[in-house]
Structures are given as structure tokens and as C-alpha cells.
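Peer 1: See query27.cif below, with mmCIF, C-alpha atoms.
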data_input
#
loop_
_atom_site.label_atom_id
_atom_site.label_comp_id
_atom_site.auth_asym_id
_atom_site.auth_seq_id
_atom_site.Cartn_x
_atom_site.Cartn_y
_atom_site.Cartn_z
CA MET A 1 -53.77 3.30 -1.63
CA ALA A 2 -51.99 0.11 -2.68
CA THR A 3 -50.49 0.06 -6.19
CA ASN A 4 -48.59 -2.41 -8.33
CA LEU A 5 -45.39 -0.46 -7.62
CA ASP A 6 -45.54 -0.99 -3.85
CA ASP A 7 -43.19 -3.99 -3.97
CA VAL A 8 -40.68 -2.29 -6.27
CA LYS A 9 -37.73 -1.13 -4.19
CA LYS A 10 -35.93 1.14 -6.65
CA ILE A 11 -37.03 2.80 -9.91
CA VAL A 12 -34.29 3.80 -12.34
CA LEU A 13 -34.97 5.99 -15.37
CA VAL A 14 -32.43 5.60 -18.18
CA LEU A 15 -32.18 8.95 -20.00
CA SER A 16 -30.27 10.37 -22.94
CA GLY A 17 -30.24 13.79 -24.51
CA LYS A 18 -30.27 12.42 -28.05
CA GLY A 19 -30.87 9.20 -29.91
CA GLY A 20 -28.16 6.87 -31.11
CA VAL A 21 -26.01 6.91 -27.98
CA GLY A 22 -26.95 3.38 -26.90
CA LYS A 23 -29.50 4.21 -24.22
CA SER A 24 -31.64 1.11 -24.82
CA THR A 25 -28.54 -1.08 -25.12
CA THR A 26 -27.38 0.31 -21.77
CA ALA A 27 -30.77 -0.30 -20.13
CA VAL A 28 -30.88 -3.91 -21.36
CA ASN A 29 -27.34 -4.76 -20.29
CA LEU A 30 -27.70 -3.11 -16.90
CA ALA A 31 -30.84 -5.21 -16.39
CA LEU A 32 -28.96 -8.36 -17.44
CA SER A 33 -26.01 -7.45 -15.19
CA LEU A 34 -28.20 -6.88 -12.14
CA ALA A 35 -30.07 -10.13 -12.82
CA GLU A 36 -26.72 -11.91 -13.11
CA LYS A 37 -26.01 -10.72 -9.56
CA GLY A 38 -29.20 -12.33 -8.32
CA LYS A 39 -31.48 -9.31 -8.20
CA LYS A 40 -35.15 -9.31 -9.21
CA ILE A 41 -35.38 -6.97 -12.17
CA GLY A 42 -38.16 -5.39 -14.21
CA LEU A 43 -37.56 -3.58 -17.50
CA LEU A 44 -40.15 -1.17 -18.90
CA ASP A 45 -39.75 0.04 -22.49
CA LEU A 46 -41.28 3.53 -22.57
CA ASP A 47 -39.82 4.49 -25.93
CA ILE A 48 -43.36 4.25 -27.25
CA CYS A 49 -42.67 5.38 -30.83
CA GLY A 50 -39.44 3.41 -31.17
CA PRO A 51 -39.58 0.30 -28.96
CA SER A 52 -36.49 -1.90 -29.28
CA ILE A 53 -36.30 -3.81 -25.99
CA ALA A 54 -38.31 -6.77 -27.34
CA LEU A 55 -35.81 -7.33 -30.16
CA MET A 56 -32.80 -6.90 -27.90
CA LEU A 57 -34.07 -9.52 -25.46
CA GLY A 58 -35.11 -12.01 -28.12
CA PHE A 59 -38.88 -11.88 -27.73
CA GLU A 60 -40.66 -13.23 -30.77
CA GLU A 61 -44.16 -13.34 -29.32
CA THR A 62 -45.99 -10.03 -29.28
CA SER A 63 -48.87 -10.55 -26.88
CA ILE A 64 -49.32 -10.28 -23.13
CA LEU A 65 -52.04 -11.57 -20.83
CA ARG A 66 -53.96 -9.94 -18.00
CA ASN A 67 -54.77 -11.22 -14.53
CA GLU A 68 -56.71 -9.64 -11.68
CA LYS A 69 -53.81 -7.26 -10.99
CA GLY A 70 -53.30 -6.17 -14.60
CA TRP A 71 -50.98 -7.12 -17.44
CA THR A 72 -48.52 -9.93 -16.78
CA PRO A 73 -44.96 -9.08 -17.92
CA LEU A 74 -43.15 -11.43 -20.24
CA LYS A 75 -40.11 -13.17 -18.77
CA THR A 76 -36.66 -13.63 -20.27
CA LYS A 77 -35.05 -17.06 -20.32
CA GLY A 78 -32.66 -18.17 -17.60
CA SER A 79 -32.56 -19.02 -13.92
CA ASN A 80 -33.26 -15.42 -12.84
CA PRO A 81 -35.61 -14.01 -15.50
CA ILE A 82 -36.27 -10.31 -16.11
CA SER A 83 -39.90 -9.09 -16.18
CA VAL A 84 -40.41 -7.06 -19.37
CA ILE A 85 -43.18 -4.81 -20.68
CA SER A 86 -43.12 -2.99 -24.02
CA ILE A 87 -45.62 -1.41 -26.39
CA ALA A 88 -44.18 -3.85 -28.93
CA PHE A 89 -46.09 -6.65 -27.18
CA LEU A 90 -49.38 -4.91 -28.03
CA LEU A 91 -48.75 -4.21 -31.71
CA GLN A 92 -50.22 -6.32 -34.50
CA SER A 93 -47.01 -6.03 -36.51
CA LYS A 94 -43.45 -4.89 -35.89
CA ASP A 95 -43.98 -2.41 -38.74
CA THR A 96 -46.97 -0.75 -37.03
CA ALA A 97 -46.34 2.96 -36.45
CA ILE A 98 -47.40 4.61 -33.18
CA ILE A 99 -48.91 7.98 -34.13
CA TRP A 100 -50.22 9.35 -30.83
CA ARG A 101 -50.55 12.75 -29.27
CA GLY A 102 -49.28 13.50 -25.77
CA PRO A 103 -52.44 12.64 -23.77
CA LYS A 104 -52.69 9.14 -25.24
CA LYS A 105 -49.00 8.52 -24.52
CA ALA A 106 -49.53 9.69 -20.94
CA SER A 107 -52.45 7.27 -20.55
CA MET A 108 -50.35 4.37 -21.80
CA ILE A 109 -47.47 5.27 -19.47
CA GLN A 110 -49.86 5.27 -16.53
CA GLN A 111 -51.14 1.84 -17.52
CA PHE A 112 -47.61 0.46 -17.89
CA LEU A 113 -46.65 1.73 -14.44
CA TYR A 114 -49.74 0.94 -12.41
CA GLU A 115 -51.68 -1.68 -14.39
CA VAL A 116 -48.85 -4.20 -14.71
CA ASP A 117 -48.43 -6.97 -12.15
CA TRP A 118 -44.75 -6.21 -11.44
CA GLY A 119 -44.62 -8.24 -8.25
CA GLN A 120 -41.54 -7.96 -6.01
CA LEU A 121 -38.61 -6.23 -7.72
CA ASP A 122 -35.28 -4.92 -6.50
CA PHE A 123 -35.05 -2.61 -9.53
CA LEU A 124 -37.48 -1.43 -12.18
CA LEU A 125 -35.43 0.01 -15.04
CA ILE A 126 -37.33 2.33 -17.39
CA ASP A 127 -35.97 2.92 -20.88
CA THR A 128 -37.23 6.37 -21.90
CA PRO A 129 -37.26 8.12 -25.30
CA PRO A 130 -34.41 10.52 -26.14
CA GLY A 131 -34.76 14.13 -25.03
CA THR A 132 -37.20 15.74 -22.61
CA SER A 133 -40.66 15.34 -24.10
CA ASP A 134 -44.24 14.51 -23.10
CA GLU A 135 -43.25 11.02 -21.96
CA HIS A 136 -40.70 12.33 -19.48
CA ILE A 137 -43.04 14.93 -18.01
CA SER A 138 -45.84 12.37 -17.63
CA LEU A 139 -43.47 9.82 -16.10
CA VAL A 140 -42.12 12.19 -13.46
CA GLU A 141 -45.63 13.38 -12.57
CA LEU A 142 -46.84 9.79 -12.19
CA LEU A 143 -43.85 8.93 -10.00
CA LYS A 144 -44.05 11.98 -7.73
CA GLU A 145 -45.20 9.82 -4.81
CA ARG A 146 -42.21 7.52 -5.36
CA ILE A 147 -39.59 10.13 -6.23
CA ASP A 148 -37.63 9.35 -3.05
CA SER A 149 -36.99 5.82 -4.35
CA ALA A 150 -36.40 6.86 -7.97
CA GLY A 151 -33.32 8.07 -9.78
CA ALA A 152 -31.91 8.74 -13.23
CA ILE A 153 -28.96 7.31 -15.12
CA LEU A 154 -27.77 9.52 -17.97
CA VAL A 155 -26.20 7.97 -21.08
CA THR A 156 -23.94 9.83 -23.49
CA THR A 157 -21.13 9.25 -25.96
CA PRO A 158 -17.87 11.20 -25.75
CA GLN A 159 -18.41 13.70 -28.58
CA ILE A 160 -19.44 17.28 -27.77
CA VAL A 161 -22.79 17.10 -29.60
CA ALA A 162 -24.03 14.26 -27.38
CA VAL A 163 -22.56 15.81 -24.22
CA ASN A 164 -24.30 19.14 -24.87
CA ASP A 165 -27.65 17.37 -25.17
CA VAL A 166 -27.05 15.61 -21.85
CA ARG A 167 -26.51 19.01 -20.24
CA ARG A 168 -30.14 19.77 -21.04
CA GLU A 169 -31.13 16.40 -19.58
CA ILE A 170 -29.37 17.37 -16.34
CA THR A 171 -31.34 20.63 -16.28
CA PHE A 172 -34.54 18.63 -16.69
CA CYS A 173 -33.65 16.40 -13.73
CA HIS A 174 -32.99 19.45 -11.55
CA LYS A 175 -36.31 21.07 -12.51
CA ALA A 176 -38.19 17.81 -11.99
CA ASN A 177 -36.47 17.17 -8.63
CA LEU A 178 -35.38 13.81 -10.02
CA PRO A 179 -32.21 12.53 -8.28
CA MET A 180 -29.36 11.61 -10.63
CA ILE A 181 -27.64 8.33 -9.86
CA GLY A 182 -24.84 9.00 -12.32
CA LEU A 183 -23.65 9.16 -15.90
CA ILE A 184 -22.41 6.44 -18.26
CA GLU A 185 -20.21 7.15 -21.27
CA ASN A 186 -21.06 4.63 -23.97
CA MET A 187 -18.78 3.94 -26.97
CA SER A 188 -15.89 5.35 -24.97
CA TYR A 189 -13.19 3.68 -27.04
CA PHE A 190 -12.40 0.76 -29.31
CA ARG A 191 -9.67 -1.74 -28.54
CA CYS A 192 -8.19 -3.53 -31.54
CA PRO A 193 -8.61 -7.30 -31.02
CA ASP A 194 -5.34 -8.01 -32.87
CA CYS A 195 -2.89 -5.54 -31.35
CA SER A 196 -4.83 -4.30 -28.26
CA HIS A 197 -4.31 -0.71 -29.37
CA CYS A 198 -6.96 1.59 -27.89
CA MET A 199 -8.57 4.12 -30.25
CA ASN A 200 -10.84 6.99 -29.22
CA VAL A 201 -13.25 6.83 -32.13
CA PHE A 202 -15.59 9.55 -30.83
CA SER A 203 -13.17 11.87 -29.02
CA SER A 204 -12.52 11.11 -25.34
CA GLY A 205 -13.40 12.18 -21.83
CA GLY A 206 -16.56 14.13 -22.66
CA GLY A 207 -18.82 12.16 -20.35
CA GLU A 208 -16.42 12.04 -17.43
CA ASN A 209 -15.70 15.76 -17.71
CA LEU A 210 -19.40 16.57 -17.79
CA ALA A 211 -20.00 14.43 -14.70
CA LYS A 212 -17.30 16.33 -12.83
CA PHE A 213 -18.69 19.68 -14.03
CA ALA A 214 -22.26 18.78 -13.02
CA ASN A 215 -21.12 17.18 -9.74
CA ILE A 216 -22.74 13.80 -10.45
CA ASN A 217 -21.24 10.33 -10.26
CA PHE A 218 -19.35 9.04 -13.28
CA LEU A 219 -20.44 5.40 -13.32
CA GLY A 220 -17.99 4.33 -16.02
CA GLY A 221 -17.25 4.05 -19.71
CA VAL A 222 -18.28 1.20 -22.01
CA SER A 223 -16.13 0.24 -24.98
CA ILE A 224 -17.29 -0.33 -28.55
CA ASP A 225 -17.71 -4.06 -29.15
CA PRO A 226 -19.13 -5.53 -32.39
CA SER A 227 -20.28 -8.55 -30.38
CA LEU A 228 -22.47 -6.26 -28.29
CA ALA A 229 -24.25 -4.88 -31.36
CA GLU A 230 -24.67 -8.39 -32.75
CA SER A 231 -26.10 -9.64 -29.44
CA MET A 232 -28.65 -6.83 -29.30
CA GLU A 233 -29.78 -7.53 -32.85
CA SER A 234 -30.15 -11.27 -32.28
CA GLY A 235 -31.56 -11.27 -28.75
CA LYS A 236 -28.53 -12.92 -27.10
CA ASN A 237 -27.60 -12.41 -23.46
CA TYR A 238 -24.39 -10.46 -24.01
CA ILE A 239 -23.45 -10.36 -20.33
CA LYS A 240 -23.58 -14.15 -20.03
CA GLU A 241 -22.18 -15.12 -23.44
CA PHE A 242 -19.36 -12.52 -23.53
CA GLN A 243 -18.66 -12.17 -19.82
CA ASP A 244 -14.90 -11.80 -20.38
CA SER A 245 -15.27 -8.85 -22.77
CA GLU A 246 -14.34 -5.34 -21.64
CA ALA A 247 -17.85 -4.02 -22.24
CA ALA A 248 -19.51 -6.80 -20.22
CA LYS A 249 -17.08 -6.24 -17.34
CA SER A 250 -17.91 -2.51 -17.47
CA PHE A 251 -21.66 -3.16 -17.23
CA LEU A 252 -21.12 -5.55 -14.31
CA GLN A 253 -18.95 -2.97 -12.53
CA ILE A 254 -21.62 -0.32 -13.06
CA ALA A 255 -24.20 -2.75 -11.65
CA ASP A 256 -22.02 -3.12 -8.54
CA LYS A 257 -22.04 0.67 -8.15
CA LEU A 258 -25.85 0.69 -8.37
CA LEU A 259 -26.02 -1.96 -5.67
CA GLU A 260 -23.80 0.15 -3.44
#
The structure given in the file should be rewritten as C-alpha cells.
Peer 2:
Amino acid sequence: MATNLDDVKKIVLVLSGKGGVGKSTTAVNLALSLAEKGKKIGLLDLDICGPSIALMLGFEETSILRNEKGWTPLKTKGSNPISVISIAFLLQSKDTAIIWRGPKKASMIQQFLYEVDWGQLDFLLIDTPPGTSDEHISLVELLKERIDSAGAILVTTPQIVAVNDVRREITFCHKANLPMIGLIENMSYFRCPDCSHCMNVFSSGGGENLAKFANINFLGGVSIDPSLAESMESGKNYIKEFQDSEAAKSFLQIADKLLE
């Protein structure tokens, strides 16, 4: 049976074991990096209780329309726009709380996957909530017919607390038969803009060591950059406006690895 995902070549789940490691920031900037390389990209915000993609991409409008194929994604600005869907587009106010039990979340996830007119995409990136909860189980079950074209990117920070939580995420991927594309270590280091000294603010090497231990690809580390945080809060295209920064170069290099 034909579905709205039939013309989506690759589905990438962005996972993290805990919140605060920059998972949504990573999903947004990977989407921007892949679009910068000319790919057709969709971005689905499945962090239903804490949607942040709309803010990060500068969407002020909070409504979406439907056509005969379903909801029509909103498009980012630029010559190669990203197709975006988020629960934030359906809320009356940005302060509205989502207080739903598992079955209602599962129903919404199904609608976002199969009742959105995604069109032709090279990649559909899915920003998931932290941990391994109802949303993840529902998502994997709904994608079981497409699991051969799906994969997970794990996001962590270097410190042991975050790395230990990602270990559980790896276990989830194994149990769900979800292929792991690789691991990204966010906030790997901070380079002083005045003296170029490199400081390991949150320890070092945790993500890379875990990738080696778990026998998965280490896709790279992303530095701490105040301009990145500012861009995400103001809806700027960090990859385009700060293309010479270390963090932007890292995201673009990771995008190249995905394309390989």
C-alpha cells in the first residue's frame, strides 16, 4: 500500500540518552548541513512534550494546512528549503503544555509519519525525546516496514553521566533491530577566541571511547560555540552565517559522512 513515506530515501532518528546534550541542536544543524549540500531534507520534531525545532528554525507562525495527501510541512527560507513538522505548529500558544498518555502520543506520531505530505526527500531526520520511552517504541513499530532504510544517530557529551545514558540507548537500538549510523560527541571542547587555547570543559574522549567500545562509527565531535546557542535561540541559519566556525565545519563533515 502506498504511503507518504514512499518517496523518502533515508530515515534518520536522532537519539540521546538524556536531555541537555544538544540533540535538537544537532538534528537542526545536520538538516541545515545536508540542505547546504543540495539534498532534499525533511525534519520531524517528535519531542512532543518539549518541541524546540520551530524556535531553532525561526518559525513564528504556528499553523499548518492540509491537502488531499495530509498536512503540508512548513518550509524554511533559502534556495533549498527544509520541510518541517512539529507539534508546536498545532498549539494555540507556545506556553501550552502537552499532557498526554502513551496511546495519544502514538496516534500523533503515526499521523506525523504517514499523514504528512513529505514529497520526495533524500533524508527525513526525526528529532526524538531523550531516553527510551513510549515515543521511541511507537516510532520503531511504525517504521518496521522501513527499518532497512532507517538508522539512528546517537548524541552525547563527553562526561560519564551522559555516556552511561547513551549505553542504554545503544541497548535499545540492538533490541529494536534499529541500525546505528554512528555517534556524535557534542560540546567536545571550547577553543578560546583570543588565544586559541583548547579547553575540555566536560572531560574528553567519552563519546569516541564509547563508539569504539560499542563498535559503532564515531562521526565526530562538535565544539562549544556561543554563536551556535545564539543562532538556535534566534532562528538563524548557523551553518550559512558561521560557515567558517569549527562547529559548522564539524557538522558539514558529519553530513559528508552521512552521504557516504
Peer 1: On this file, the PyMOL selection byres ((chain A and resi 126) around 7) gives some set of residues; write that set as an NGL selection string.
Peer 2: :A and (12-14 or 43-46 or 124-125 or 127-128)
Peer 1: Please measure the separation of CA of Glu208 in chain A and CA of His136 in chain A, giving the value in Å to one decimal.
Peer 2: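 Computed distance, CA of Glu208 in chain A to CA of His136 in chain A, equals 24.4 Å.
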Peer 1: Hey, which of A:Gly182, A:Gly220, A:Gly151, A:Gly131 ends up closest to Ile11 in chain A? Count all atoms listed in the file.
Peer 2: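 Under the stated criterion, the closest residue is A:Gly151.
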Peer 1: So which residues touch Ser86 in chain A within 12 Å, counting all atoms listed in the file, skipping near sequence neighbours fewer than 6 positions away, as an MDAnalysis selection string?
Peer 2: chainID A and resid 42:57 59 61:64 71:75 108:109 111:113 116 126:128
Peer 1: I need the output of the PyMOL selection byres ((chain A and resi 98-101) around 12) for this file as a JSON list (two decimals) with C-alpha atoms, in the coordinates of the input; which residues are they?
Peer 2:
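The result, stored in expr.json:
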[["chain", "number", "residue", "atom", "x", "y", "z"],
["A", 47, "ASP", "CA", -39.82, 4.49, -25.93],
["A", 48, "ILE", "CA", -43.36, 4.25, -27.25],
["A", 49, "CYS", "CA", -42.67, 5.38, -30.83],
["A", 50, "GLY", "CA", -39.44, 3.41, -31.17],
["A", 51, "PRO", "CA", -39.58, 0.30, -28.96],
["A", 87, "ILE", "CA", -45.62, -1.41, -26.39],
["A", 88, "ALA", "CA", -44.18, -3.85, -28.93],
["A", 90, "LEU", "CA", -49.38, -4.91, -28.03],
["A", 91, "LEU", "CA", -48.75, -4.21, -31.71],
["A", 92, "GLN", "CA", -50.22, -6.32, -34.50],
["A", 93, "SER", "CA", -47.01, -6.03, -36.51],
["A", 94, "LYS", "CA", -43.45, -4.89, -35.89],
["A", 95, "ASP", "CA", -43.98, -2.41, -38.74],
["A", 96, "THR", "CA", -46.97, -0.75, -37.03],
["A", 97, "ALA", "CA", -46.34, 2.96, -36.45],
["A", 102, "GLY", "CA", -49.28, 13.50, -25.77],
["A", 103, "PRO", "CA", -52.44, 12.64, -23.77],
["A", 104, "LYS", "CA", -52.69, 9.14, -25.24],
["A", 105, "LYS", "CA", -49.00, 8.52, -24.52],
["A", 106, "ALA", "CA", -49.53, 9.69, -20.94],
["A", 107, "SER", "CA", -52.45, 7.27, -20.55],
["A", 108, "MET", "CA", -50.35, 4.37, -21.80],
["A", 133, "SER", "CA", -40.66, 15.34, -24.10],
["A", 134, "ASP", "CA", -44.24, 14.51, -23.10],
["A", 135, "GLU", "CA", -43.25, 11.02, -21.96]]
Peer 1: Tell me which of A:Asn186, A:Thr171, A:Thr25, A:Thr76 sits closest to Ala214 in chain A, counting all atoms listed in the file.
Peer 2: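 Between A:Asn186, A:Thr171, A:Thr25, A:Thr76, the residue approaching Ala214 in chain A most closely is A:Thr171.
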Peer 1: Which of these residues is nearest to Leu183 in chain A, using only C-alpha atoms: A:Lys257, A:Lys69, A:Lys236, A:Lys77?
Peer 2: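 Smallest distance to Leu183 in chain A is found for A:Lys257.
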Peer 1: My list of candidates is A:Ser16, A:Gln120, A:Cys195, A:Ile137. Which is closest to Ala152 in chain A when distances are computed with all atoms listed in the file?
Peer 2: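 Of the candidates, the smallest distance to Ala152 in chain A is held by A:Ser16.
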Peer 1: Calculated over only C-alpha atoms, which of the candidates A:Asn237, A:Thr132, A:Asn215, A:Ser245 has the smallest distance to Ser33 in chain A?
Peer 2: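 Answer, going by the shortest atom-to-atom distance: A:Asn237.
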Peer 1: Given the file shown, enumerate the residues that the PyMOL selection byres ((chain A and resi 168) around 12) captures and present them as a list in words.
Peer 2: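 Listing what the PyMOL selection byres ((chain A and resi 168) around 12) selects in the shown file: Leu15, Ser16, Gly17, Lys18, Pro130, Gly131, Thr132, Ser133, Leu154, Thr156, Val161, Ala162, Val163, Asn164, Asp165, Val166, Arg167, Glu169, Ile170, Thr171, Phe172, Cys173, His174, Lys175, Leu210 and Ala214 of chain A.
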Peer 1: Quick one: pull the distance between CA of Phe213 in chain A and CA of Cys198 in chain A, Å, one decimal.
Peer 2: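 Computing it gives 25.6 Å between the two atoms.
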Peer 1: When you look at Ala229 in chain A with a cut-off of 10 Å (counting only C-alpha atoms), what residues show up, excluding the ones that are within fewer than 4 positions of it in the same chain? I need them as a list in words.
Peer 2: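 Neighbouring residues, sequence-local ones excluded: Gly22, Thr25, Met56, Ile224, Asp225, Glu233, Ser234 and Tyr238 of chain A.
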Peer 1: Go through A:Asn177, A:Asn209, A:Asn67, A:Gln243 and flag the residue nearest Glu141 in chain A, using all atoms listed in the file for the distances.
Peer 2: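 Among the listed residues, A:Asn177 lies closest to Glu141 in chain A.
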Peer 1: Report, in Å to a single decimal, how far apart CA of Ala31 in chain A and CA of Leu178 in chain A are.
Peer 2: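 Computing the Euclidean distance for CA of Leu178 in chain A and CA of Ala31 in chain A yields 20.6 Å.
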Peer 1: List as a count of residues only the protein and nucleic acid residues near Lys249 in chain A, meaning an atom at most 10 Å away when only C-alpha atoms are counted, but skip any in the same chain fewer than 5 places from it.
Peer 2: 8
Peer 1: Output range 174-185 of chain A as a CSV table (one decimal), keeping the file's coordinate frame, making sure all heavy atoms are there.
Peer 2:
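So part09.csv came out as:
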chain,number,residue,atom,x,y,z
A,174,HIS,N,-33.0,18.5,-12.6
A,174,HIS,CA,-33.0,19.4,-11.6
A,174,HIS,C,-34.4,20.1,-11.4
A,174,HIS,O,-34.9,20.2,-10.3
A,174,HIS,CB,-32.0,20.6,-11.8
A,174,HIS,CG,-30.5,20.1,-11.5
A,174,HIS,ND1,-30.2,19.6,-10.3
A,174,HIS,CD2,-29.4,20.2,-12.3
A,174,HIS,CE1,-28.9,19.3,-10.3
A,174,HIS,NE2,-28.4,19.7,-11.5
A,175,LYS,N,-35.0,20.4,-12.5
A,175,LYS,CA,-36.3,21.1,-12.5
A,175,LYS,C,-37.4,20.1,-12.0
A,175,LYS,O,-38.4,20.5,-11.4
A,175,LYS,CB,-36.6,21.6,-13.9
A,175,LYS,CG,-35.8,22.9,-14.3
A,175,LYS,CD,-36.3,23.5,-15.6
A,175,LYS,CE,-35.5,24.7,-15.9
A,175,LYS,NZ,-36.0,25.4,-17.2
A,176,ALA,N,-37.2,18.8,-12.4
A,176,ALA,CA,-38.2,17.8,-12.0
A,176,ALA,C,-37.9,17.2,-10.6
A,176,ALA,O,-38.7,16.3,-10.2
A,176,ALA,CB,-38.2,16.7,-13.0
A,177,ASN,N,-36.9,17.7,-9.9
A,177,ASN,CA,-36.5,17.2,-8.6
A,177,ASN,C,-36.2,15.7,-8.7
A,177,ASN,O,-36.5,14.9,-7.7
A,177,ASN,CB,-37.5,17.5,-7.6
A,177,ASN,CG,-37.6,19.0,-7.3
A,177,ASN,OD1,-36.6,19.7,-7.2
A,177,ASN,ND2,-38.9,19.5,-7.2
A,178,LEU,N,-35.7,15.2,-9.8
A,178,LEU,CA,-35.4,13.8,-10.0
A,178,LEU,C,-33.9,13.6,-9.7
A,178,LEU,O,-33.0,14.1,-10.3
A,178,LEU,CB,-35.7,13.4,-11.5
A,178,LEU,CG,-35.3,12.0,-11.9
A,178,LEU,CD1,-36.2,11.0,-11.1
A,178,LEU,CD2,-35.5,11.8,-13.4
A,179,PRO,N,-33.6,12.8,-8.6
A,179,PRO,CA,-32.2,12.5,-8.3
A,179,PRO,C,-31.5,11.8,-9.4
A,179,PRO,O,-32.0,11.0,-10.1
A,179,PRO,CB,-32.3,11.6,-7.1
A,179,PRO,CG,-33.7,11.8,-6.6
A,179,PRO,CD,-34.6,12.1,-7.7
A,180,MET,N,-30.2,12.2,-9.6
A,180,MET,CA,-29.4,11.6,-10.6
A,180,MET,C,-28.4,10.6,-10.0
A,180,MET,O,-27.6,11.0,-9.2
A,180,MET,CB,-28.6,12.7,-11.4
A,180,MET,CG,-29.5,13.5,-12.4
A,180,MET,SD,-28.7,14.9,-13.2
A,180,MET,CE,-28.7,16.1,-11.8
A,181,ILE,N,-28.5,9.4,-10.4
A,181,ILE,CA,-27.6,8.3,-9.9
A,181,ILE,C,-26.2,8.5,-10.4
A,181,ILE,O,-25.2,8.3,-9.7
A,181,ILE,CB,-28.2,6.9,-10.2
A,181,ILE,CG1,-29.6,6.8,-9.5
A,181,ILE,CG2,-27.3,5.8,-9.8
A,181,ILE,CD1,-30.3,5.5,-10.0
A,182,GLY,N,-26.2,8.8,-11.7
A,182,GLY,CA,-24.8,9.0,-12.3
A,182,GLY,C,-24.9,9.0,-13.8
A,182,GLY,O,-26.0,9.0,-14.4
A,183,LEU,N,-23.8,9.1,-14.5
A,183,LEU,CA,-23.6,9.2,-15.9
A,183,LEU,C,-22.8,8.0,-16.4
A,183,LEU,O,-21.7,7.7,-15.8
A,183,LEU,CB,-23.1,10.5,-16.3
A,183,LEU,CG,-22.9,10.9,-17.8
A,183,LEU,CD1,-23.2,12.4,-18.0
A,183,LEU,CD2,-21.6,10.5,-18.3
A,184,ILE,N,-23.2,7.5,-17.6
A,184,ILE,CA,-22.4,6.4,-18.3
A,184,ILE,C,-22.0,7.0,-19.6
A,184,ILE,O,-22.8,7.5,-20.3
A,184,ILE,CB,-23.3,5.2,-18.4
A,184,ILE,CG1,-23.6,4.6,-17.1
A,184,ILE,CG2,-22.5,4.1,-19.3
A,184,ILE,CD1,-24.6,3.4,-17.2
A,185,GLU,N,-20.7,6.8,-19.9
A,185,GLU,CA,-20.2,7.2,-21.3
A,185,GLU,C,-20.1,5.9,-22.1
A,185,GLU,O,-19.3,5.0,-21.9
A,185,GLU,CB,-18.8,7.8,-21.2
A,185,GLU,CG,-18.3,8.3,-22.5
A,185,GLU,CD,-17.0,9.0,-22.4
A,185,GLU,OE1,-15.9,8.2,-22.5
A,185,GLU,OE2,-16.9,10.2,-22.3
